[in-house]
Amino acid sequence: NAGVTQTPKFQVLKTGQSMTLQCAQDMNHNSMYWYRQDPGMGLRLIYYSASEGTTDKGEVPNGYNVSRLNKREFSLRLESAAPSQTSVYFCASSFGYLEGYTFGSGTRLTVV
Amino acid sequence: KNEVEQSPQNLTAQEGEFITINCSYSVGISALHWLQQHPGGGIVSLFMLSSGKKKHGRLIATINIQEKHSSLHITASHPRDSAVYICAAYNNNDMRFGAGTRLTVKP
């Protein structure tokens with residue numbers, strides 16, 4: 001049972017490049033989330049998907065797009081990367097309210 | 001002022017000590033989430049609670065909705081408990097996180 005799998009684990013981008021962070025879960029969870037973690041800022045929600053076919057903005061959605069491809073997969077796309085998007089990105093999933101979250105191992109992204 | 005405040009920021013304890021980490025929040029919540037982030041960066045969900053108390057092994061989480069305060073207790077602390085503990089105010093799929101408490105337990 002893999003849980004939540006994120007790829008890639010590390011990535012360096014040049015300003016203006018695009019990329020997609022992939023996330024897949026095999027626990028049949030309904031809800032999926034993308035967070036970023038910055039030093040001194042804590043975790044912040046970028047986008048979430050409460051169920052297959054729906055997505056909603058979180059606290060810091062600007063510069064990102066998401067796709068809930070099916071129940072298992074939730075991808076995060078940076079269309080034109082900026083240095084301010086240098087961060088560690090975590091994907092998570094959950095059955096729903098009052099159910100604990102399962103987190104992926106994170107993607108460390110550097111934009112130069 | 002942050003929506004979710006944790007104290008202390010850093011905590012060093014001797015093995016076997018009873019640990020308390022505090023979390024205060026100023027936003028409306030439907031639940032309070034405690035998480036543990038390991039030194040390697042991995043994040044584990046410990047508790048989500050909307051009232052009262054939850055216990056799992058040596059970990060106990062309590063919440064007082066009226067006072068907008070939650071505590072995480074660790075009994076008989078062990079060096080493997082060394083990690084960053086994060087609380088988060090949960091409401092309708094949105095979570096606002098505290099900055100974390102870095103716990104070091106020395107043998």
# chains A, B, ... in the order shown; residues from 1 in each chain; ligands from 1
>>> interface_residues(of="chain B", to="chain A", cutoff="12 Å", atoms="only C-alpha atoms", output="number ranges by chain")
B: 2-6, 9, 29-38, 40-51, 54, 84-101
>>> residues_around(residues="B:Ile74", least_positions_apart="3", cutoff="12 Å", atoms="only C-alpha atoms", output="list in words")
Ala13, Glu15, Gly16, Glu17, Phe18, Ile19, Thr20, Ile21, Asn22, Leu46, Lys55, His56, Gly57, Arg58, Leu59, Ile60, Ala61, Thr62, Ser71, Ser77, His78, Pro79, Arg80, Asp81, Ser82, Tyr85, Leu103 and Val105 of chain B
>>> closest_residue(among="B:Pro39, B:His69, B:Gln14, B:Thr75", to="B:Gly52", atoms="only C-alpha atoms")
B:His69
>>> residues_around(residues="A:Ser75", least_positions_apart="6", cutoff="10 Å", atoms="only C-alpha atoms", output="count of residues only")
16
>>> select_by_dssp(residues="chain B", states="strand (DSSP E)", output="VMD selection string")
chain B and resid 4 to 7 10 to 14 19 to 25 31 to 37 43 to 49 52 to 56 59 to 64 69 to 74 83 to 91 94 to 97 101 to 106
>>> closest_residue(among="A:Arg72, A:Gln85, A:Thr15, A:Phe95", to="A:Glu52", atoms="only C-alpha atoms")
A:Arg72
>>> decode(residues="stretch 35-46 of chain A", atoms="all heavy atoms", output="mmCIF file, in the first residue's frame")
data_model
loop_
_atom_site.group_PDB
_atom_site.id
_atom_site.type_symbol
_atom_site.label_atom_id
_atom_site.label_comp_id
_atom_site.auth_asym_id
_atom_site.auth_seq_id
_atom_site.Cartn_x
_atom_site.Cartn_y
_atom_site.Cartn_z
ATOM 1 N N TYR A 35 -0.349 21.629 -0.847
ATOM 2 C CA TYR A 35 0.167 22.632 0.081
ATOM 3 C C TYR A 35 1.575 23.021 -0.343
ATOM 4 O O TYR A 35 2.300 22.242 -0.961
ATOM 5 C CB TYR A 35 0.255 22.071 1.503
ATOM 6 C CG TYR A 35 -1.062 21.716 2.119
ATOM 7 C CD1 TYR A 35 -1.564 20.425 2.035
ATOM 8 C CD2 TYR A 35 -1.811 22.673 2.792
ATOM 9 C CE1 TYR A 35 -2.783 20.101 2.609
ATOM 10 C CE2 TYR A 35 -3.033 22.352 3.369
ATOM 11 C CZ TYR A 35 -3.504 21.067 3.271
ATOM 12 O OH TYR A 35 -4.719 20.751 3.837
ATOM 13 N N ARG A 36 1.955 24.213 0.070
ATOM 14 C CA ARG A 36 3.355 24.588 -0.017
ATOM 15 C C ARG A 36 3.844 24.934 1.377
ATOM 16 O O ARG A 36 3.081 25.409 2.230
ATOM 17 C CB ARG A 36 3.590 25.762 -0.976
ATOM 18 C CG ARG A 36 2.872 27.038 -0.663
ATOM 19 C CD ARG A 36 3.207 28.130 -1.685
ATOM 20 N NE ARG A 36 4.585 28.608 -1.540
ATOM 21 C CZ ARG A 36 5.180 29.462 -2.350
ATOM 22 N NH1 ARG A 36 4.530 29.941 -3.404
ATOM 23 N NH2 ARG A 36 6.426 29.863 -2.152
ATOM 24 N N GLN A 37 5.126 24.647 1.612
ATOM 25 C CA GLN A 37 5.718 24.924 2.912
ATOM 26 C C GLN A 37 6.964 25.767 2.717
ATOM 27 O O GLN A 37 7.898 25.346 2.044
ATOM 28 C CB GLN A 37 6.072 23.621 3.656
ATOM 29 C CG GLN A 37 6.565 23.861 5.066
ATOM 30 C CD GLN A 37 6.813 22.575 5.834
ATOM 31 O OE1 GLN A 37 7.277 21.590 5.283
ATOM 32 N NE2 GLN A 37 6.481 22.568 7.115
ATOM 33 N N ASP A 38 6.958 26.940 3.328
ATOM 34 C CA ASP A 38 8.078 27.863 3.242
ATOM 35 C C ASP A 38 8.620 28.118 4.632
ATOM 36 O O ASP A 38 7.845 28.179 5.600
ATOM 37 C CB ASP A 38 7.629 29.184 2.612
ATOM 38 C CG ASP A 38 7.032 28.972 1.240
ATOM 39 O OD1 ASP A 38 7.786 28.548 0.347
ATOM 40 O OD2 ASP A 38 5.815 29.187 1.065
ATOM 41 N N PRO A 39 9.918 28.307 4.767
ATOM 42 C CA PRO A 39 10.512 28.578 6.086
ATOM 43 C C PRO A 39 9.840 29.776 6.745
ATOM 44 O O PRO A 39 9.668 30.831 6.124
ATOM 45 C CB PRO A 39 11.978 28.865 5.747
ATOM 46 C CG PRO A 39 12.217 28.189 4.448
ATOM 47 C CD PRO A 39 10.922 28.274 3.694
ATOM 48 N N GLY A 40 9.457 29.604 7.997
ATOM 49 C CA GLY A 40 8.845 30.700 8.743
ATOM 50 C C GLY A 40 7.391 30.976 8.395
ATOM 51 O O GLY A 40 6.755 31.815 9.034
ATOM 52 N N MET A 41 6.854 30.289 7.390
ATOM 53 C CA MET A 41 5.470 30.559 6.964
ATOM 54 C C MET A 41 4.536 29.413 7.315
ATOM 55 O O MET A 41 3.337 29.573 7.320
ATOM 56 C CB MET A 41 5.418 30.772 5.448
ATOM 57 C CG MET A 41 6.179 31.967 4.963
ATOM 58 S SD MET A 41 5.393 33.492 5.427
ATOM 59 C CE MET A 41 3.911 33.446 4.438
ATOM 60 N N GLY A 42 5.086 28.262 7.559
ATOM 61 C CA GLY A 42 4.230 27.108 7.782
ATOM 62 C C GLY A 42 3.626 26.611 6.481
ATOM 63 O O GLY A 42 3.883 27.122 5.394
ATOM 64 N N LEU A 43 2.761 25.648 6.590
ATOM 65 C CA LEU A 43 2.077 25.085 5.431
ATOM 66 C C LEU A 43 0.928 25.993 5.008
ATOM 67 O O LEU A 43 0.231 26.560 5.857
ATOM 68 C CB LEU A 43 1.511 23.700 5.774
ATOM 69 C CG LEU A 43 2.540 22.580 5.879
ATOM 70 C CD1 LEU A 43 2.072 21.524 6.864
ATOM 71 C CD2 LEU A 43 2.760 21.958 4.512
ATOM 72 N N ARG A 44 0.728 26.126 3.706
ATOM 73 C CA ARG A 44 -0.388 26.913 3.194
ATOM 74 C C ARG A 44 -1.071 26.145 2.077
ATOM 75 O O ARG A 44 -0.409 25.565 1.217
ATOM 76 C CB ARG A 44 0.087 28.286 2.709
ATOM 77 C CG ARG A 44 0.544 29.211 3.823
ATOM 78 C CD ARG A 44 0.996 30.549 3.282
ATOM 79 N NE ARG A 44 2.220 30.428 2.488
ATOM 80 C CZ ARG A 44 2.727 31.410 1.772
ATOM 81 N NH1 ARG A 44 2.118 32.577 1.698
ATOM 82 N NH2 ARG A 44 3.858 31.229 1.104
ATOM 83 N N LEU A 45 -2.392 26.174 2.072
ATOM 84 C CA LEU A 45 -3.181 25.439 1.101
ATOM 85 C C LEU A 45 -3.203 26.189 -0.222
ATOM 86 O O LEU A 45 -3.555 27.369 -0.279
ATOM 87 C CB LEU A 45 -4.608 25.250 1.627
ATOM 88 C CG LEU A 45 -5.583 24.511 0.734
ATOM 89 C CD1 LEU A 45 -5.151 23.058 0.538
ATOM 90 C CD2 LEU A 45 -6.986 24.569 1.331
ATOM 91 N N ILE A 46 -2.874 25.478 -1.308
ATOM 92 C CA ILE A 46 -2.882 26.092 -2.635
ATOM 93 C C ILE A 46 -4.239 25.834 -3.303
ATOM 94 O O ILE A 46 -4.943 26.759 -3.689
ATOM 95 C CB ILE A 46 -1.752 25.513 -3.515
ATOM 96 C CG1 ILE A 46 -0.389 25.664 -2.819
ATOM 97 C CG2 ILE A 46 -1.716 26.213 -4.879
ATOM 98 C CD1 ILE A 46 0.738 24.921 -3.516
#
